[in-house]
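Shown next: data16.csv, containing CSV, C-alpha atoms.
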chain,number,residue,atom,x,y,z
I,39,MET,CA,-6.5,-8.7,18.7
I,40,LEU,CA,-4.9,-11.9,17.6
I,41,TYR,CA,-1.1,-12.2,17.5
I,42,ARG,CA,1.4,-14.4,15.6
I,43,LYS,CA,5.0,-15.0,16.4
I,44,MET,CA,7.9,-13.8,14.2
I,45,PRO,CA,9.6,-17.2,13.6
I,46,LYS,CA,13.3,-16.2,14.2
I,47,ASN,CA,12.9,-14.0,17.3
I,48,GLY,CA,9.6,-15.0,18.9
I,49,ASP,CA,8.2,-11.4,18.8
I,50,ASN,CA,4.4,-11.6,19.4
I,51,LEU,CA,3.1,-9.3,16.7
I,52,SER,CA,-0.4,-8.1,16.1
I,53,ILE,CA,-1.8,-9.8,12.9
I,54,LEU,CA,-3.0,-6.3,11.9
I,55,GLY,CA,-0.2,-3.7,11.3
I,56,PHE,CA,-0.7,0.0,10.8
I,57,GLY,CA,0.6,1.1,7.4
I,58,CYS,CA,1.6,4.7,7.1
I,59,MET,CA,1.7,5.1,3.4
I,60,ARG,CA,-1.8,6.4,3.0
I,61,LEU,CA,-2.4,8.5,6.2
I,62,ALA,CA,-5.4,10.7,6.6
I,63,ALA,CA,-4.7,13.8,4.5
I,64,LYS,CA,-5.9,17.3,4.0
I,65,ALA,CA,-7.3,18.7,0.8
I,66,ASP,CA,-3.8,19.7,-0.3
I,67,GLY,CA,-2.4,16.2,0.2
I,68,SER,CA,-0.4,16.9,3.3
I,69,ILE,CA,-0.9,14.7,6.4
I,70,ASP,CA,-3.9,15.6,8.6
I,71,GLU,CA,-1.6,15.2,11.6
I,72,GLU,CA,-4.3,15.6,14.3
I,73,ARG,CA,-6.6,13.1,12.8
I,74,ALA,CA,-3.9,10.7,11.8
I,75,THR,CA,-2.3,10.8,15.2
I,76,LYS,CA,-5.7,9.9,16.9
I,77,GLN,CA,-6.2,7.1,14.4
I,78,LEU,CA,-2.8,5.6,15.0
I,79,GLN,CA,-3.0,5.9,18.7
I,80,TYR,CA,-6.5,4.4,18.7
I,81,ALA,CA,-5.2,1.4,16.8
I,82,ILE,CA,-2.4,0.9,19.3
I,83,ASP,CA,-4.7,1.2,22.2
I,84,HIS,CA,-6.7,-1.6,20.7
I,85,GLY,CA,-3.9,-4.0,20.2
I,86,VAL,CA,-1.9,-3.0,17.1
I,87,ASN,CA,1.8,-3.2,17.9
I,88,TYR,CA,3.4,-3.1,14.4
I,89,VAL,CA,3.8,0.3,12.6
I,90,ASP,CA,5.2,0.4,9.1
I,91,THR,CA,6.5,3.5,7.3
I,92,ALA,CA,9.3,4.4,4.8
I,93,TRP,CA,11.6,7.1,3.6
I,94,PRO,CA,9.4,8.2,0.6
I,95,TYR,CA,5.9,7.9,2.1
I,96,HIS,CA,3.9,11.2,2.0
I,97,MET,CA,6.8,12.9,0.2
I,98,GLY,CA,9.1,12.1,3.1
I,99,GLU,CA,6.8,13.3,5.9
I,100,SER,CA,5.5,9.9,7.1
I,101,GLU,CA,8.6,9.0,9.2
I,102,PRO,CA,8.7,12.4,11.0
I,103,PHE,CA,4.9,12.1,11.6
I,104,VAL,CA,5.3,8.6,13.1
I,105,GLY,CA,8.1,9.9,15.4
I,106,ARG,CA,5.8,12.6,16.7
I,107,ALA,CA,2.7,10.4,16.9
I,108,LEU,CA,4.5,7.8,19.1
I,109,THR,CA,5.5,10.2,21.8
I,110,GLY,CA,3.8,10.1,25.2
I,111,GLY,CA,4.7,6.4,25.8
I,112,TYR,CA,3.4,5.0,22.5
I,113,ARG,CA,6.9,4.2,21.2
I,114,ARG,CA,7.5,1.5,23.7
I,115,LYS,CA,4.2,-0.2,22.9
I,116,VAL,CA,5.1,-0.9,19.2
I,117,LYS,CA,7.6,-2.3,16.9
I,118,ILE,CA,8.6,0.3,14.2
I,119,ALA,CA,9.3,-0.9,10.7
I,120,THR,CA,10.9,1.4,8.1
I,121,LYS,CA,13.0,1.0,5.0
I,122,LEU,CA,16.3,1.8,3.3
I,123,PRO,CA,15.5,3.5,-0.1
I,124,SER,CA,17.5,1.0,-2.2
I,125,TRP,CA,17.1,3.1,-5.4
I,126,LEU,CA,18.9,6.0,-3.9
I,127,ILE,CA,22.0,4.1,-2.8
I,128,GLU,CA,25.1,4.9,-4.7
I,129,LYS,CA,27.8,3.9,-2.3
I,130,ARG,CA,28.2,2.0,1.0
I,131,GLU,CA,28.2,5.2,3.1
I,132,ASP,CA,24.8,6.1,1.8
I,133,MET,CA,23.2,3.3,3.8
I,134,ASP,CA,24.4,4.6,7.1
I,135,LYS,CA,23.5,8.1,6.1
I,136,PHE,CA,19.9,7.1,5.5
I,137,LEU,CA,19.5,4.9,8.5
I,138,ASN,CA,20.9,7.6,10.9
I,139,ALA,CA,18.6,10.2,9.4
I,140,GLN,CA,15.6,7.8,9.8
I,141,LEU,CA,16.5,7.3,13.5
I,142,ALA,CA,16.4,11.0,14.0
I,143,LYS,CA,13.1,11.4,12.1
I,144,LEU,CA,11.5,8.7,14.1
I,145,GLN,CA,12.9,10.0,17.4
I,146,THR,CA,14.2,6.6,18.4
I,147,ASP,CA,17.6,4.9,19.0
I,148,HIS,CA,16.7,1.8,17.1
I,149,ILE,CA,14.5,0.4,14.3
I,150,ASP,CA,12.8,-2.9,15.3
I,151,TYR,CA,12.2,-4.1,11.7
I,152,TYR,CA,14.4,-2.6,9.0
I,153,LEU,CA,13.8,-3.4,5.3
I,154,VAL,CA,15.8,-2.9,2.1
I,155,HIS,CA,13.0,-1.3,0.2
I,156,ALA,CA,11.1,-2.2,-3.0
I,157,LEU,CA,13.6,-4.8,-4.3
I,158,VAL,CA,13.6,-6.1,-7.8
I,159,GLY,CA,16.4,-8.2,-9.2
I,160,GLU,CA,18.6,-5.4,-10.5
I,161,LEU,CA,18.2,-3.3,-7.4
I,162,TRP,CA,19.2,-6.2,-5.2
I,163,ASP,CA,22.3,-6.8,-7.4
I,164,ASN,CA,23.3,-3.2,-7.0
I,165,VAL,CA,23.0,-2.9,-3.2
I,166,GLU,CA,24.5,-6.3,-2.7
I,167,LYS,CA,27.5,-5.2,-4.7
I,168,LEU,CA,27.7,-2.0,-2.7
I,169,GLY,CA,27.9,-3.9,0.6
I,170,VAL,CA,24.4,-4.1,2.0
I,171,ALA,CA,25.1,-7.3,3.9
I,172,ASP,CA,28.0,-5.7,5.7
I,173,PHE,CA,25.8,-2.7,6.5
I,174,LEU,CA,23.0,-4.8,7.9
I,175,ASP,CA,25.4,-6.9,10.0
I,176,LYS,CA,27.0,-3.9,11.5
I,177,ALA,CA,23.7,-2.0,12.1
I,178,LYS,CA,22.4,-5.1,13.9
I,179,ALA,CA,25.6,-5.4,15.9
I,180,ASP,CA,25.6,-1.8,17.1
I,181,GLY,CA,21.9,-1.9,17.9
I,182,ARG,CA,20.6,0.6,15.4
I,183,ILE,CA,18.4,-2.1,13.9
I,184,LYS,CA,17.0,-5.3,15.5
I,185,ASN,CA,15.8,-7.3,12.6
I,186,ALA,CA,16.7,-7.2,8.9
I,187,GLY,CA,14.3,-7.8,6.0
I,188,PHE,CA,13.4,-6.7,2.6
I,189,SER,CA,10.3,-5.6,0.7
I,190,PHE,CA,9.8,-7.1,-2.7
I,191,HIS,CA,8.1,-5.8,-5.9
I,192,GLY,CA,9.9,-7.9,-8.5
I,193,ALA,CA,9.5,-10.9,-10.7
I,194,GLY,CA,8.8,-14.2,-9.0
I,195,GLU,CA,12.1,-15.7,-10.3
I,196,ASP,CA,14.2,-13.2,-8.3
I,197,PHE,CA,12.4,-13.7,-5.0
I,198,SER,CA,14.0,-17.0,-3.9
I,199,ARG,CA,17.5,-15.9,-4.8
I,200,ILE,CA,17.1,-12.8,-2.7
I,201,VAL,CA,15.7,-14.9,0.2
I,202,ASP,CA,18.8,-17.1,-0.1
I,203,ALA,CA,21.3,-14.3,-0.4
I,204,TYR,CA,21.3,-13.1,3.2
I,205,PRO,CA,20.2,-14.5,6.6
I,206,TRP,CA,17.0,-12.4,6.7
I,207,ASP,CA,14.7,-12.3,9.6
I,208,PHE,CA,11.6,-11.4,7.6
I,209,CYS,CA,10.3,-10.1,4.3
I,210,GLN,CA,7.4,-8.1,3.0
I,211,ILE,CA,5.4,-9.0,-0.1
I,212,GLN,CA,2.3,-7.8,-1.9
I,213,TYR,CA,-0.3,-10.4,-1.5
I,214,ASN,CA,-4.1,-10.7,-1.9
I,215,PHE,CA,-6.5,-12.9,-3.7
I,216,LEU,CA,-5.8,-11.2,-7.0
I,217,ASP,CA,-2.0,-11.6,-6.6
I,218,GLU,CA,-1.5,-15.3,-6.0
I,219,LYS,CA,0.7,-15.6,-9.1
I,220,ASN,CA,1.9,-12.0,-9.2
I,221,GLN,CA,5.4,-10.9,-7.9
I,222,ALA,CA,6.3,-13.3,-5.0
I,223,GLY,CA,2.8,-14.8,-4.9
I,224,THR,CA,1.8,-17.9,-3.0
I,225,LYS,CA,4.9,-19.7,-4.1
I,226,GLY,CA,7.1,-16.9,-2.6
I,227,LEU,CA,5.1,-16.8,0.6
I,228,GLU,CA,5.5,-20.5,1.1
I,229,TYR,CA,9.2,-20.4,0.2
I,230,ALA,CA,10.0,-17.6,2.6
I,231,ALA,CA,8.1,-19.4,5.4
I,232,SER,CA,10.0,-22.6,4.6
I,233,LYS,CA,13.3,-20.7,5.3
I,234,GLY,CA,12.0,-19.5,8.7
I,235,LEU,CA,11.3,-15.9,7.6
I,236,GLY,CA,8.4,-14.0,9.0
I,237,VAL,CA,6.2,-12.6,6.2
I,238,VAL,CA,4.5,-9.2,6.3
I,239,ILE,CA,1.8,-8.6,3.8
I,240,MET,CA,1.3,-5.3,2.0
I,241,GLU,CA,-1.6,-4.3,-0.4
I,242,PRO,CA,-4.1,-6.8,1.1
I,243,LEU,CA,-6.9,-4.8,-0.5
I,244,ARG,CA,-4.9,-3.9,-3.6
I,245,GLY,CA,-4.9,-0.2,-2.8
I,246,GLY,CA,-8.6,-0.3,-2.0
I,247,ASN,CA,-9.6,-1.7,-5.4
I,248,LEU,CA,-11.2,-4.7,-3.7
I,249,THR,CA,-13.4,-2.5,-1.4
I,250,ARG,CA,-13.7,1.0,-2.7
I,251,THR,CA,-16.1,0.4,-5.6
I,252,VAL,CA,-17.6,-3.1,-5.5
I,253,PRO,CA,-19.1,-4.1,-8.8
I,254,ALA,CA,-22.7,-5.5,-8.7
I,255,ALA,CA,-21.5,-8.7,-10.3
I,256,VAL,CA,-18.9,-9.2,-7.5
I,257,GLN,CA,-21.3,-8.3,-4.8
I,258,GLU,CA,-23.8,-10.8,-6.1
I,259,ILE,CA,-21.2,-13.5,-5.5
I,260,TRP,CA,-20.4,-12.3,-2.0
I,261,ASN,CA,-24.1,-12.3,-1.2
I,262,GLU,CA,-24.3,-16.0,-1.9
I,263,ALA,CA,-22.3,-16.8,1.3
I,264,PRO,CA,-24.3,-18.1,4.3
I,265,VAL,CA,-22.0,-16.0,6.6
I,266,LYS,CA,-22.3,-12.3,5.6
I,267,ARG,CA,-19.1,-10.4,5.5
I,268,SER,CA,-17.9,-7.1,4.0
I,269,PRO,CA,-15.6,-7.2,1.0
I,270,ALA,CA,-12.8,-6.0,3.3
I,271,GLU,CA,-13.4,-8.8,5.7
I,272,TRP,CA,-13.4,-11.4,2.9
I,273,ALA,CA,-10.1,-10.1,1.6
I,274,LEU,CA,-8.4,-9.9,5.0
I,275,ARG,CA,-9.7,-13.2,6.2
I,276,TRP,CA,-8.4,-14.9,3.0
I,277,ILE,CA,-4.9,-13.7,3.7
I,278,TRP,CA,-5.0,-14.5,7.5
I,279,ASN,CA,-6.3,-17.9,6.5
I,280,HIS,CA,-2.6,-18.7,5.5
I,281,PRO,CA,-0.6,-19.8,8.5
I,282,ALA,CA,2.7,-18.6,6.8
I,283,VAL,CA,1.5,-14.9,7.1
I,284,THR,CA,2.7,-13.1,10.2
I,285,VAL,CA,1.4,-9.5,9.8
I,286,VAL,CA,-1.0,-7.9,7.4
I,287,LEU,CA,-0.5,-4.1,6.8
I,288,SER,CA,-3.5,-1.9,6.3
I,289,GLY,CA,-3.2,1.7,5.2
I,290,MET,CA,-6.0,2.7,7.5
I,291,ASN,CA,-7.1,6.4,7.3
I,292,ASP,CA,-10.8,6.3,8.1
I,293,GLU,CA,-12.1,5.7,11.6
I,294,SER,CA,-14.8,3.2,10.5
I,295,HIS,CA,-12.3,1.2,8.5
I,296,ILE,CA,-9.9,1.0,11.5
I,297,LYS,CA,-12.7,-0.3,13.8
I,298,GLU,CA,-13.8,-2.8,11.2
I,299,ASN,CA,-10.3,-4.1,10.6
I,300,LEU,CA,-9.6,-4.3,14.4
I,301,ALA,CA,-12.8,-6.4,14.8
I,302,ILE,CA,-11.8,-8.8,12.0
I,303,ALA,CA,-8.3,-9.2,13.5
I,304,ASP,CA,-10.0,-10.4,16.7
I,305,THR,CA,-11.2,-13.6,15.1
I,306,ALA,CA,-9.3,-14.3,11.9
I,307,THR,CA,-7.4,-17.5,12.6
I,308,PRO,CA,-5.4,-19.6,10.1
I,309,GLY,CA,-7.4,-22.3,8.3
I,310,SER,CA,-10.8,-20.8,9.4
I,311,LEU,CA,-12.3,-20.4,5.9
I,312,THR,CA,-14.2,-23.5,4.6
I,313,ALA,CA,-13.6,-25.1,1.2
I,314,ALA,CA,-16.9,-23.5,0.0
I,315,GLU,CA,-15.8,-20.1,1.2
I,316,LEU,CA,-12.5,-20.4,-0.5
I,317,SER,CA,-14.3,-21.4,-3.7
I,318,LEU,CA,-16.4,-18.3,-3.4
I,319,VAL,CA,-13.3,-16.1,-3.2
I,320,GLN,CA,-11.9,-17.8,-6.3
I,321,ARG,CA,-15.1,-16.9,-8.2
I,322,VAL,CA,-14.8,-13.3,-7.1
I,323,GLU,CA,-11.2,-13.2,-8.2
I,324,LYS,CA,-12.2,-14.5,-11.6
I,325,LYS,CA,-14.9,-11.8,-11.9
I,326,TYR,CA,-12.5,-9.0,-11.0
I,327,ARG,CA,-10.1,-10.1,-13.6
I,328,GLU,CA,-12.8,-9.8,-16.2
I,329,LEU,CA,-13.5,-6.2,-15.0
I,330,LEU,CA,-10.3,-4.5,-13.9
I,331,LYS,CA,-8.4,-2.6,-16.6
I,332,VAL,CA,-5.3,-1.5,-14.7
I,333,GLY,CA,-3.5,-3.4,-11.9
I,334,CYS,CA,-2.6,-0.1,-10.1
I,335,THR,CA,-2.5,-0.2,-6.3
I,336,GLY,CA,-2.2,3.5,-5.8
I,337,CYS,CA,1.2,3.2,-4.1
I,338,GLN,CA,2.4,6.6,-5.5
I,339,TYR,CA,5.9,5.4,-6.4
I,340,CYS,CA,5.3,6.8,-9.9
I,341,MET,CA,4.7,10.3,-8.4
I,342,PRO,CA,5.4,13.1,-8.7
I,343,CYS,CA,4.9,13.3,-12.5
I,344,PRO,CA,7.0,16.0,-14.1
I,345,GLN,CA,4.0,17.1,-16.1
I,346,GLY,CA,1.6,17.1,-13.1
I,347,VAL,CA,-0.4,14.0,-14.1
I,348,ASN,CA,-2.0,12.4,-11.0
I,349,ILE,CA,-1.3,8.9,-12.4
I,350,PRO,CA,-2.9,6.8,-9.6
I,351,LEU,CA,-6.1,8.9,-9.6
I,352,CYS,CA,-6.3,8.6,-13.4
I,353,PHE,CA,-6.1,4.8,-13.1
I,354,GLU,CA,-8.6,4.7,-10.2
I,355,GLN,CA,-11.2,6.5,-12.3
I,356,TYR,CA,-10.4,4.3,-15.3
I,357,ASN,CA,-11.0,1.2,-13.3
I,358,ASN,CA,-14.1,2.7,-11.8
I,359,LEU,CA,-15.5,3.2,-15.3
I,360,TYR,CA,-15.6,-0.5,-15.7
I,361,LEU,CA,-16.3,-1.5,-12.1
I,362,THR,CA,-19.4,0.6,-11.8
I,363,GLY,CA,-20.7,0.6,-15.4
I,364,ASN,CA,-21.7,4.2,-14.9
I,365,THR,CA,-20.1,5.7,-18.0
I,366,ASP,CA,-21.5,9.2,-17.7
I,367,GLY,CA,-21.0,9.5,-14.0
I,368,GLU,CA,-17.4,8.3,-14.1
I,369,LYS,CA,-16.6,10.6,-17.0
I,370,PHE,CA,-17.9,13.5,-14.9
I,371,MET,CA,-16.0,12.4,-11.8
I,372,TYR,CA,-12.8,12.1,-13.9
I,373,ALA,CA,-13.4,15.7,-15.2
I,374,ALA,CA,-14.1,16.9,-11.6
I,375,ARG,CA,-11.2,15.2,-9.9
I,376,LEU,CA,-8.5,15.4,-12.6
I,377,GLY,CA,-9.7,18.7,-14.2
I,378,GLY,CA,-9.0,20.7,-11.1
I,379,ALA,CA,-12.6,21.2,-9.8
I,380,VAL,CA,-11.8,19.3,-6.6
I,381,GLY,CA,-8.8,19.9,-4.4
I,382,LEU,CA,-6.0,22.4,-5.4
I,383,GLY,CA,-7.7,23.4,-8.7
I,384,THR,CA,-4.7,22.2,-10.7
I,385,PRO,CA,-5.4,20.0,-13.8
I,386,ALA,CA,-3.8,16.6,-13.5
I,387,TYR,CA,-5.5,14.6,-16.3
I,388,ALA,CA,-3.9,11.9,-18.4
I,389,SER,CA,-3.5,14.0,-21.6
I,390,LEU,CA,-0.8,16.1,-19.9
I,391,CYS,CA,1.5,13.1,-20.3
I,392,VAL,CA,4.4,13.6,-22.7
I,393,GLN,CA,5.5,9.9,-22.7
I,394,CYS,CA,8.8,10.6,-20.9
I,395,GLY,CA,8.6,7.1,-19.3
I,396,GLU,CA,10.0,8.2,-15.9
I,397,CYS,CA,6.9,6.8,-14.2
I,398,ALA,CA,7.2,3.3,-15.8
I,399,GLU,CA,10.7,3.0,-14.5
I,400,LYS,CA,9.5,3.5,-10.9
I,401,CYS,CA,6.3,1.4,-11.0
I,402,PRO,CA,6.6,-1.7,-8.7
I,403,GLN,CA,3.8,-3.3,-10.6
I,404,HIS,CA,5.8,-2.9,-13.9
I,405,LEU,CA,2.8,-1.3,-15.6
I,406,GLU,CA,3.3,0.4,-19.0
I,407,ILE,CA,2.0,3.6,-17.6
I,408,PRO,CA,2.4,5.9,-20.6
I,409,THR,CA,0.5,3.4,-22.8
I,410,LEU,CA,-2.2,3.0,-20.2
I,411,LEU,CA,-2.6,6.7,-19.9
I,412,GLU,CA,-3.3,6.9,-23.6
I,413,SER,CA,-6.2,4.5,-23.0
I,414,VAL,CA,-7.4,6.8,-20.2
I,415,VAL,CA,-7.4,9.8,-22.5
I,416,LYS,CA,-9.3,7.8,-25.2
I,417,GLU,CA,-12.0,6.6,-22.9
I,418,LEU,CA,-12.4,9.4,-20.3
I,419,GLU,CA,-11.5,12.6,-22.1
I,420,GLY,CA,-12.4,12.9,-25.8
I,421,PRO,CA,-15.4,14.9,-27.0
I,422,GLY,CA,-17.2,16.9,-24.3
I,423,PHE,CA,-14.3,16.8,-21.8
I,424,GLU,CA,-13.7,20.5,-21.6
I,425,GLU,CA,-17.4,21.1,-21.1
I,426,ARG,CA,-17.5,18.5,-18.3
I,427,VAL,CA,-14.5,20.2,-16.6
I,428,ALA,CA,-16.2,23.6,-16.8
I,429,MET,CA,-19.5,22.2,-15.5
I,430,ALA,CA,-17.7,20.5,-12.6
I,431,ARG,CA,-15.8,23.7,-11.7
I,432,GLN,CA,-19.0,25.7,-11.7
I,433,MET,CA,-20.8,23.0,-9.6
I,434,PHE,CA,-18.1,22.8,-7.0
I,435,LYS,CA,-17.7,26.5,-6.9
I,436,GLN,CA,-21.4,27.0,-6.1
I,437,ALA,CA,-21.2,24.2,-3.5
I,438,GLY,CA,-18.3,26.0,-1.8
I,439,GLN,CA,-20.1,29.3,-1.8
I,440,GLN,CA,-23.2,27.6,-0.3
I,441,GLU,CA,-21.1,26.1,2.4
I,442,VAL,CA,-19.7,29.5,3.3
I,443,LYS,CA,-23.1,31.0,3.5
I,444,GLU,CA,-24.4,28.3,5.8

Let's see the structure in the file written out as structure tokens.
Amino acid sequence: MLYRKMPKNGDNLSILGFGCMRLAAKADGSIDEERATKQLQYAIDHGVNYVDTAWPYHMGESEPFVGRALTGGYRRKVKIATKLPSWLIEKREDMDKFLNAQLAKLQTDHIDYYLVHALVGELWDNVEKLGVADFLDKAKADGRIKNAGFSFHGAGEDFSRIVDAYPWDFCQIQYNFLDEKNQAGTKGLEYAASKGLGVVIMEPLRGGNLTRTVPAAVQEIWNEAPVKRSPAEWALRWIWNHPAVTVVLSGMNDESHIKENLAIADTATPGSLTAAELSLVQRVEKKYRELLKVGCTGCQYCMPCPQGVNIPLCFEQYNNLYLTGNTDGEKFMYAARLGGAVGLGTPAYASLCVQCGECAEKCPQHLEIPTLLESVVKELEGPGFEERVAMARQMFKQAGQQEVKE
């Protein structure tokens, strides 16, 4: 494992951090605690020393899980990062209430890296007015937090003013080769670094969109490289190529992915990609922009939908429709996954949307979700949808009965 120093405090942090927003889950969506604990502890045993969670992750169950998973000596091996839910703050006292509750959930007496969560300009203005600077100063002074930072999901023009508004120790931004000019982007990364902030990266694989279903046209470009790498390795190495990056978070929930990411983090040094390799990544980025329909990262901030729509899964299937080019196959998978054939058996398709707009207000990518869901309905439901749902239900029912017999 390679390590990089946090500029202001000298902490030697693993360049790969374990993100706890997408933990291994059971069929009902709850955390598969036994498997997720083994995964997290395996990563720590192999050098990861930065663990990131937050109040809303896994419907509030991520922080308690992390607290339990880090017993038996693992807590002292890592730095814990968690976040103040900025959108829930109505008065100064709320800040202490949330922090104290998080300390209890995490079974610890201090948070190593504490962030004001998911800031956009208006949210920052609100918490600043309510006294967040005083809160952070006092929490650092009494030892409940060691380092203060913020995570950002806003427009680029707001990033620098938030950086300048408080003596932050670090920040967390969304960054990957598709997001150089989105949100904070490369300009924000370099600005934060110029101010001495450590920079933690989230969504390095854009919620798995850069690796889950790799279009043939994209894979053809990757195949041109003399040095063969997986799409995940290309994406991670591209970020670690930037010396201003301190830690890259990965929401690792598959054993093979954890092993692959750990192996990449053994050798990914700044400035290690050649000019030809960087040019290759630029070509891949251009090709993805031609193919992707929705810039959803699957972060789940839009959830739960009051009408039961699984918004991230709708968009995943919508993107897959264009990434794979398999129209019939993706329409069937949409019917199976959103029509209730798989999982809990509860329909969660896009046409359940009533255009209330609640989701759009929460989206850190600022997507016009209700409008996009209309496009999902048009292209993935339509004629034959009910028949595909019925067929999928019958198929998965038979598969389940066969599994029981065997």

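Here the question is which of I:Met290, I:Ala142, I:Ala430, I:Ala270 gets nearest to Ile302 in chain I using all atoms listed in the file, and that residue is I:Ala270.
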
Considering only C-alpha atoms, return as a count of residues only whatever protein or nucleic-acid residues lie within 9 Å of Leu390 in chain I, sequence-local ones (same chain, fewer than 2 positions apart) excluded.
-> 8

List every residue of range 279-354 of chain I that has an atom at most 9 Å from any atom of range 253-256 of chain I, and for each one report the closest atom pair and its distance in Å to one decimal, counting only C-alpha atoms, with rows sorted by chain and then by increasing residue number, as a tab-separated table.
residue	atom	partner	partner_atom	distance
I:Arg321	CA	I:Val256	CA	8.6
I:Val322	CA	I:Val256	CA	5.8
I:Glu323	CA	I:Val256	CA	8.7
I:Lys325	CA	I:Val256	CA	6.5
I:Tyr326	CA	I:Val256	CA	7.3
I:Leu329	CA	I:Pro253	CA	8.6

Please provide as a short mmCIF file (atom, residue, chain, number, x, y, z; two decimals) with C-alpha atoms, in the frame of the given file all residues within 12 Å of range 351-354 of chain I, with the sequence filter that same-chain residues fewer than 2 positions apart are discarded (counting all atoms listed in the file).
data_model
loop_
_atom_site.label_atom_id
_atom_site.label_comp_id
_atom_site.auth_asym_id
_atom_site.auth_seq_id
_atom_site.Cartn_x
_atom_site.Cartn_y
_atom_site.Cartn_z
CA ARG I 244 -4.90 -3.90 -3.60
CA GLY I 245 -4.90 -0.20 -2.80
CA GLY I 246 -8.60 -0.30 -2.00
CA ASN I 247 -9.60 -1.70 -5.40
CA LEU I 248 -11.20 -4.70 -3.70
CA ARG I 250 -13.70 1.00 -2.70
CA THR I 251 -16.10 0.40 -5.60
CA LEU I 330 -10.30 -4.50 -13.90
CA LYS I 331 -8.40 -2.60 -16.60
CA VAL I 332 -5.30 -1.50 -14.70
CA GLY I 333 -3.50 -3.40 -11.90
CA CYS I 334 -2.60 -0.10 -10.10
CA THR I 335 -2.50 -0.20 -6.30
CA GLY I 336 -2.20 3.50 -5.80
CA CYS I 337 1.20 3.20 -4.10
CA GLN I 338 2.40 6.60 -5.50
CA CYS I 340 5.30 6.80 -9.90
CA MET I 341 4.70 10.30 -8.40
CA GLY I 346 1.60 17.10 -13.10
CA VAL I 347 -0.40 14.00 -14.10
CA ASN I 348 -2.00 12.40 -11.00
CA ILE I 349 -1.30 8.90 -12.40
CA TYR I 356 -10.40 4.30 -15.30
CA ASN I 357 -11.00 1.20 -13.30
CA ASN I 358 -14.10 2.70 -11.80
CA LEU I 359 -15.50 3.20 -15.30
CA TYR I 360 -15.60 -0.50 -15.70
CA LEU I 361 -16.30 -1.50 -12.10
CA THR I 362 -19.40 0.60 -11.80
CA GLU I 368 -17.40 8.30 -14.10
CA LYS I 369 -16.60 10.60 -17.00
CA MET I 371 -16.00 12.40 -11.80
CA TYR I 372 -12.80 12.10 -13.90
CA ALA I 373 -13.40 15.70 -15.20
CA ALA I 374 -14.10 16.90 -11.60
CA ARG I 375 -11.20 15.20 -9.90
CA LEU I 376 -8.50 15.40 -12.60
CA GLY I 377 -9.70 18.70 -14.20
CA PRO I 385 -5.40 20.00 -13.80
CA ALA I 386 -3.80 16.60 -13.50
CA TYR I 387 -5.50 14.60 -16.30
CA ALA I 388 -3.90 11.90 -18.40
CA SER I 389 -3.50 14.00 -21.60
CA LEU I 390 -0.80 16.10 -19.90
CA CYS I 391 1.50 13.10 -20.30
CA LEU I 405 2.80 -1.30 -15.60
CA GLU I 406 3.30 0.40 -19.00
CA ILE I 407 2.00 3.60 -17.60
CA PRO I 408 2.40 5.90 -20.60
CA THR I 409 0.50 3.40 -22.80
CA LEU I 410 -2.20 3.00 -20.20
CA LEU I 411 -2.60 6.70 -19.90
CA GLU I 412 -3.30 6.90 -23.60
CA SER I 413 -6.20 4.50 -23.00
CA VAL I 414 -7.40 6.80 -20.20
CA VAL I 415 -7.40 9.80 -22.50
CA GLU I 417 -12.00 6.60 -22.90
CA LEU I 418 -12.40 9.40 -20.30
CA GLU I 419 -11.50 12.60 -22.10
#

Measuring atom to atom with all atoms listed in the file, identify which of I:Ile82, I:Val319, I:Ile183, I:Ala273 is nearest to Asp150 in chain I.
-> I:Ile183

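Straight-line separation from CA of Leu40 in chain I to CA of Ser52 in chain I: 6.1 Å.
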
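Counting all atoms listed in the file, the residue from I:Phe423, I:Lys46, I:Ile211, I:Val154 that sits nearest to Lys233 in chain I is I:Lys46.
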
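Nearest residue to Gly57 in chain I, choosing from I:Leu126, I:Leu318, I:Ala171, I:Ile296 and counting all atoms listed in the file: I:Ile296.
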
How many Å separate CA of Tyr95 in chain I from CA of Lys129 in chain I?
-> 22.7 Å

What's the 12 Å shell around Lys297 in chain I, counting only C-alpha atoms, without same-chain residues fewer than 3 positions away, as a ChimeraX atom specification?
-> /I:39,54,77-78,80-86,270-271,288,290-294,300-304

Which residue gives the smallest distance to Leu287 in chain I among I:Thr307, I:Gln212, I:Ala379, I:Tyr152, with only C-alpha atoms counted?
-> I:Gln212

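Here CA of Gly226 in chain I stands at a distance of 12.1 Å from CA of Val238 in chain I.
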
Selection near Gly223 in chain I, 8 Å with all atoms listed in the file, sequence-local residues under 2 positions removed, as number ranges by chain = I: 194, 211-213, 217-221, 225-227

For range 279-291 of chain I, take all atoms listed in the file, fit an axis-aligned box around them, add 3 Å to each of the six sides, then output centre and edge lengths in Å rounded to one decimal, as AutoDock Vina command-line options.
--center_x -2.2 --center_y -6.7 --center_z 7.7 --size_x 15.8 --size_y 32.2 --size_z 11.0

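In terms of minimum interatomic distance to Asn87 in chain I, I:Asp49 ranks closest within I:Glu262, I:Glu166, I:Glu128, I:Asp49, counting all atoms listed in the file.
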
Could you give me, as CSV, every range 194-271 of chain I residue with an atom at most 12 Å from range 106-121 of chain I, plus its closest atom pair and distance in Å to one decimal, counting all atoms listed in the file, rows ordered by chain then number?
residue,atom,partner,partner_atom,distance
I:Phe208,CA,I:Ala119,CA,11.2
I:Cys209,CA,I:Ala119,CA,11.3
I:Gln210,CA,I:Ala119,CA,10.7
I:Val238,CA,I:Ala119,CA,10.5
